[in-house]
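First the structure, in the form of structure tokens, and then the observations on it.
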Amino acid sequence: MDLNQLRERLSDIDRQLVEFVAERQSIVAEIGALKQTEHRPTRDFSREKQVLDRARAQAEALGVAPVLAESLMQLLIQSSLTNQEQARVRADGHGSGRPALVIGGSGKMGCWFAKFLDSQGFNVTIADPAPCEAGYRYAADWRTLEDSFAVTVISAPISITAGILAEMAAQPRQGLILDIGSLKSPLIDNLRAVAAAGGRITSLHPMLGPDTELLSGRHVIFMNCGSEQALEDARHLFASTMAIQIEMELEEHDRLIAYVLGLSHALNVAFFTALAESGEAAPSLSKLSSTTFDAQLAVAELVAQDNPHLYFEIQSLNPHGLAPLEELSKAVGRITDIVRGGDEDAFARLMERGREYLGRRVGPPTPRQT
């Protein structure tokens, strides 16, 4: 066979692969519906392991790299879980046509919540000074809308959210009110004031990005602001998903977020700042690669593309924010002193301590870096 004939044969196999994926997705939809009818959980980890083990064994028998087969099956499993989760959310239909408002719905997370509520059958309205392109009912100012919403989500910068909450405390609104801000300290007084005025309000923090489709393994933090009913109603909105629900006190949130978001953001900003100011041209570094460098670079690129004003809010408005930054600076200084002093034992002790700490974390294993 010549080159063109081989390529035609390859194209035919590619077409068949896509057709098999489509057939697989159709079967997955039937399985998802059956799980829902029989009240079974969407995710079955033991079944996933069987699928991956079988794929690796079959690949090895056929002379195909097992890691290729496993990666392919993981993509298919993730797609299947996403489809099943979204189908379950639609089927449960918590919205039932009731009106929902997303204040700040033209922003990335506001748009995510608008789609999330829409998928549950809510009739969504977006209120945002910026035009909305999602096709929902739109208003530039939430104050001009009738107080008739079953759910109101506030997805705005922290300073603006504080003002919105102050107005709602002065003139309570009906329906469930959700604050989804990344920080809570600047909002605690206003959140509790709304609850004290009779508002059904709770605060949550979805630990996910606006591009998230599958909620399995994602955490959503819920905080009681003084209304148990609001907390229960908010958790119910996520009951059909596979999100991991966590409850914590409002006062505890920002101390932990200073590390989860503040430290990780600062580390990546420091990483790409060091690269940008190193004098090494980007094209030169792009010719080099290592597992660790590529993985860190991928995360840093995501951080660099995000909203710098939001990131500054997370750093500057958190009363606990300076502690992890100072610890990061101290850690870098210690490493510098150890390397400058040629103290290999001290360097090894740092890594051993880190290994012990990371070994105590509960979660999936991390890939080995080189």
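Chain labels A, B, ... are given in the sequence in which chains occur in the structure tokens; within each chain residues are numbered consecutively from 1, and ligands are likewise numbered from 1 in the order shown.
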
**Message:** Excluding His219 of chain A and its own-chain neighbours fewer than 6 positions away, which residues fall within 8 Å of it when counting only C-alpha atoms? Please give them as a list in words.
**Reply:**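 Once the adjacent positions are removed, what remains is Pro206, Met207, Leu208, Ala243, Ile244, Gln245 and Ile246 of chain A.
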
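Shell of segment 327-330 of chain A at 9 Å, with only C-alpha atoms counted and residues fewer than 5 places along the chain excluded, is Leu263, Ala266, Leu267, Leu322 and Ile335 of chain A.
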
request  = Step one, run DSSP on the backbone; step two, keep only residues of segment 167-308 of chain A assigned to helix (DSSP H, G or I); then write them as an MDAnalysis selection string.
outcome  = chainID A and resid 167:170 185:196 228:237 250:276 282:286 291:305 308

Who sits within 8 Å of Asn268 of chain A, only C-alpha atoms, same chain under 6 positions skipped, as a list in words: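 After dropping sequence-adjacent residues, the list is Gln296, Val299, Ala300 and Val303 of chain A.
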
May I have the residues from that selection written out with N, CA and C atoms, as a PDB file, in the first residue's frame?
```
ATOM      1  N   GLN A 296       4.526  22.679  36.308  1.00  0.00           N
ATOM      2  CA  GLN A 296       4.447  23.972  36.988  1.00  0.00           C
ATOM      3  C   GLN A 296       4.112  25.079  36.002  1.00  0.00           C
ATOM      4  N   VAL A 299       0.343  25.187  35.167  1.00  0.00           N
ATOM      5  CA  VAL A 299      -0.458  25.831  36.207  1.00  0.00           C
ATOM      6  C   VAL A 299      -0.222  27.340  36.202  1.00  0.00           C
ATOM      7  N   ALA A 300       1.032  27.748  36.074  1.00  0.00           N
ATOM      8  CA  ALA A 300       1.363  29.174  36.072  1.00  0.00           C
ATOM      9  C   ALA A 300       0.694  29.905  34.910  1.00  0.00           C
ATOM     10  N   VAL A 303      -2.876  30.594  35.856  1.00  0.00           N
ATOM     11  CA  VAL A 303      -2.948  31.698  36.812  1.00  0.00           C
ATOM     12  C   VAL A 303      -2.727  33.034  36.102  1.00  0.00           C
TER      13      VAL A 303
END
```

task = May I have the residues within 12 Å of Glu228 of chain A as a PyMOL selection string, using only C-alpha atoms and disregarding those fewer than 2 positions away in the same chain?
result = chain A and resi 176+195+198-203+222-226+230-235+247

Restricted to C-alpha atoms, what would the selected residues look like written as a PDB file, in the first residue's frame?
```pdb
ATOM      1  CA  LEU A 176     -32.918  31.902  48.954  1.00  0.00           C
ATOM      2  CA  ALA A 195     -30.105  36.820  58.159  1.00  0.00           C
ATOM      3  CA  GLY A 198     -35.213  37.732  58.040  1.00  0.00           C
ATOM      4  CA  GLY A 199     -33.386  36.948  54.817  1.00  0.00           C
ATOM      5  CA  ARG A 200     -32.882  33.284  53.902  1.00  0.00           C
ATOM      6  CA  ILE A 201     -29.193  33.656  53.182  1.00  0.00           C
ATOM      7  CA  THR A 202     -26.225  31.318  53.241  1.00  0.00           C
ATOM      8  CA  SER A 203     -22.653  31.650  52.041  1.00  0.00           C
ATOM      9  CA  PHE A 222     -21.205  25.823  52.806  1.00  0.00           C
ATOM     10  CA  MET A 223     -21.336  28.288  55.715  1.00  0.00           C
ATOM     11  CA  ASN A 224     -24.285  29.006  57.984  1.00  0.00           C
ATOM     12  CA  CYS A 225     -25.019  32.746  58.244  1.00  0.00           C
ATOM     13  CA  GLY A 226     -27.871  32.349  60.732  1.00  0.00           C
ATOM     14  CA  ALA A 230     -31.138  28.563  53.801  1.00  0.00           C
ATOM     15  CA  LEU A 231     -28.170  26.262  54.433  1.00  0.00           C
ATOM     16  CA  GLU A 232     -30.315  23.189  53.812  1.00  0.00           C
ATOM     17  CA  ASP A 233     -31.832  24.681  50.638  1.00  0.00           C
ATOM     18  CA  ALA A 234     -28.397  25.612  49.301  1.00  0.00           C
ATOM     19  CA  ARG A 235     -27.053  22.109  49.873  1.00  0.00           C
ATOM     20  CA  GLU A 247     -19.649  22.715  56.087  1.00  0.00           C
TER      21      GLU A 247
END
```

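Atom pair atom CA of Ser148 of chain A / atom CA of Ala196 of chain A has a distance of 20.3 Å (rounded to one decimal).
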
Pick out the residues sitting within 7 Å of His320 of chain A, and hand them over as JSON, numbers by chain; count only C-alpha atoms, and ignore anything fewer than 6 positions along from it in its own chain.
{"A": [254, 255, 258]}

Create the file for the chosen residues now, containing N, CA and C atoms and written as a tab-separated table (two decimals), in the first residue's frame.
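What landed in selection.tsv:
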```
chain	number	residue	atom	x	y	z
A	254	ASP	N	-11.56	31.90	55.84
A	254	ASP	CA	-10.49	32.68	55.25
A	254	ASP	C	-9.10	32.25	55.73
A	255	ARG	N	-9.02	31.70	56.95
A	255	ARG	CA	-7.74	31.21	57.43
A	255	ARG	C	-7.23	30.06	56.57
A	258	ALA	N	-6.45	31.19	52.85
A	258	ALA	CA	-5.17	31.89	52.72
A	258	ALA	C	-4.09	30.95	52.19
```

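With distances restricted to only C-alpha atoms, A:Pro186 is the closest residue to Glu251 of chain A from A:Gly333, A:Pro186, A:Pro283, A:Gly354.
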
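Of the listed residues A:Gln120, A:Ser284, A:Arg218, A:Gln78, the one whose atoms come nearest to Ser96 of chain A is A:Gln120, with distances taken using only C-alpha atoms.
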
- Message: So the first atom is atom CA of Glu249 of chain A and the second is atom CA of Asn307 of chain A; what is the distance between them in Å, to one decimal place?
- Response: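 Going from atom CA of Glu249 of chain A over to atom CA of Asn307 of chain A covers 27.1 Å.
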
inquiry  = Set the distance at 8 Å and use only C-alpha atoms: which residues neighbour Thr161 of chain A once local chain neighbours fewer than 5 positions away are removed? I'd like the list as a VMD selection string.
reply    = chain A and resid 154 to 156 179 181 187

List the spatial neighbours of Leu117 of chain A as a JSON list (two decimals) with N, CA and C atoms, in the first residue's frame - criterion: any atom at most 12 Å away, only C-alpha atoms, same-chain residues fewer than 6 positions off excluded.
```
[["chain", "number", "residue", "atom", "x", "y", "z"],
["A", 86, "GLN", "N", -24.89, 15.56, 34.56],
["A", 86, "GLN", "CA", -25.72, 16.62, 34.02],
["A", 86, "GLN", "C", -27.14, 16.13, 33.73],
["A", 89, "VAL", "N", -28.97, 16.00, 37.08],
["A", 89, "VAL", "CA", -29.35, 17.35, 37.53],
["A", 89, "VAL", "C", -30.59, 17.82, 36.78],
["A", 90, "ARG", "N", -30.61, 17.59, 35.45],
["A", 90, "ARG", "CA", -31.78, 18.00, 34.66],
["A", 90, "ARG", "C", -33.02, 17.22, 35.07],
["A", 92, "ASP", "N", -33.76, 15.75, 37.93],
["A", 92, "ASP", "CA", -34.28, 16.09, 39.26],
["A", 92, "ASP", "C", -35.05, 17.39, 39.24],
["A", 93, "GLY", "N", -34.65, 18.33, 38.38],
["A", 93, "GLY", "CA", -35.43, 19.54, 38.13],
["A", 93, "GLY", "C", -35.86, 20.31, 39.36],
["A", 94, "HIS", "N", -34.88, 20.67, 40.21],
["A", 94, "HIS", "CA", -35.22, 21.42, 41.42],
["A", 94, "HIS", "C", -35.87, 22.76, 41.08],
["A", 95, "GLY", "N", -35.57, 23.31, 39.91],
["A", 95, "GLY", "CA", -36.10, 24.64, 39.57],
["A", 95, "GLY", "C", -37.58, 24.64, 39.28],
["A", 96, "SER", "N", -38.04, 23.67, 38.50],
["A", 96, "SER", "CA", -39.47, 23.54, 38.15],
["A", 96, "SER", "C", -40.05, 24.84, 37.61],
["A", 97, "GLY", "N", -39.24, 25.57, 36.84],
["A", 97, "GLY", "CA", -39.74, 26.80, 36.22],
["A", 97, "GLY", "C", -39.72, 28.01, 37.12],
["A", 98, "ARG", "N", -39.26, 27.86, 38.36],
["A", 98, "ARG", "CA", -39.23, 29.00, 39.27],
["A", 98, "ARG", "C", -38.17, 30.01, 38.84],
["A", 99, "PRO", "N", -38.38, 31.30, 39.15],
["A", 99, "PRO", "CA", -37.42, 32.33, 38.72],
["A", 99, "PRO", "C", -36.17, 32.34, 39.60],
["A", 100, "ALA", "N", -35.02, 32.55, 38.98],
["A", 100, "ALA", "CA", -33.74, 32.66, 39.69],
["A", 100, "ALA", "C", -32.99, 33.86, 39.14],
["A", 101, "LEU", "N", -32.28, 34.56, 40.01],
["A", 101, "LEU", "CA", -31.53, 35.75, 39.62],
["A", 101, "LEU", "C", -30.06, 35.55, 39.93],
["A", 102, "VAL", "N", -29.19, 35.89, 38.97],
["A", 102, "VAL", "CA", -27.75, 35.87, 39.20],
["A", 102, "VAL", "C", -27.25, 37.30, 39.04],
["A", 105, "GLY", "N", -24.09, 38.04, 36.65],
["A", 105, "GLY", "CA", -24.14, 36.84, 35.80],
["A", 105, "GLY", "C", -23.39, 36.94, 34.50],
["A", 110, "GLY", "N", -20.44, 33.84, 37.53],
["A", 110, "GLY", "CA", -21.87, 34.14, 37.44],
["A", 110, "GLY", "C", -22.51, 33.40, 36.30],
["A", 111, "CYS", "N", -21.81, 33.35, 35.16],
["A", 111, "CYS", "CA", -22.32, 32.61, 34.00],
["A", 111, "CYS", "C", -22.40, 31.12, 34.31],
["A", 123, "ASN", "N", -35.92, 29.45, 35.78],
["A", 123, "ASN", "CA", -36.06, 30.49, 34.76],
["A", 123, "ASN", "C", -35.11, 31.62, 35.15],
["A", 124, "VAL", "N", -33.95, 31.69, 34.50],
["A", 124, "VAL", "CA", -32.84, 32.51, 34.97],
["A", 124, "VAL", "C", -32.90, 33.93, 34.39],
["A", 125, "THR", "N", -32.62, 34.90, 35.28],
["A", 125, "THR", "CA", -32.42, 36.29, 34.90],
["A", 125, "THR", "C", -31.03, 36.71, 35.36],
["A", 126, "ILE", "N", -30.35, 37.46, 34.52],
["A", 126, "ILE", "CA", -29.02, 37.97, 34.87],
["A", 126, "ILE", "C", -29.11, 39.48, 35.06],
["A", 136, "TYR", "N", -30.17, 34.74, 28.39],
["A", 136, "TYR", "CA", -31.12, 34.78, 29.49],
["A", 136, "TYR", "C", -31.78, 36.16, 29.53],
["A", 150, "ALA", "N", -36.98, 32.88, 43.43],
["A", 150, "ALA", "CA", -36.85, 31.78, 44.38],
["A", 150, "ALA", "C", -35.41, 31.65, 44.86],
["A", 151, "VAL", "N", -34.45, 31.98, 43.98],
["A", 151, "VAL", "CA", -33.02, 31.92, 44.31],
["A", 151, "VAL", "C", -32.35, 33.17, 43.75],
["A", 152, "THR", "N", -31.50, 33.79, 44.56],
["A", 152, "THR", "CA", -30.67, 34.90, 44.10],
["A", 152, "THR", "C", -29.23, 34.57, 44.42],
["A", 153, "VAL", "N", -28.38, 34.56, 43.40],
["A", 153, "VAL", "CA", -26.95, 34.31, 43.56],
["A", 153, "VAL", "C", -26.21, 35.62, 43.37],
["A", 234, "ALA", "N", -29.58, 25.46, 50.15],
["A", 234, "ALA", "CA", -28.40, 25.61, 49.30],
["A", 234, "ALA", "C", -27.75, 24.26, 49.03],
["A", 237, "LEU", "N", -29.47, 22.21, 46.35],
["A", 237, "LEU", "CA", -29.21, 22.56, 44.96],
["A", 237, "LEU", "C", -28.11, 21.69, 44.35],
["A", 238, "PHE", "N", -27.20, 21.20, 45.19],
["A", 238, "PHE", "CA", -26.08, 20.38, 44.71],
["A", 238, "PHE", "C", -26.28, 18.89, 44.99]]
```

Glu23 of chain A proximity check over A:Ala348, A:Leu76, A:Leu275, A:Ala134, using only C-alpha atoms: winner is A:Leu76
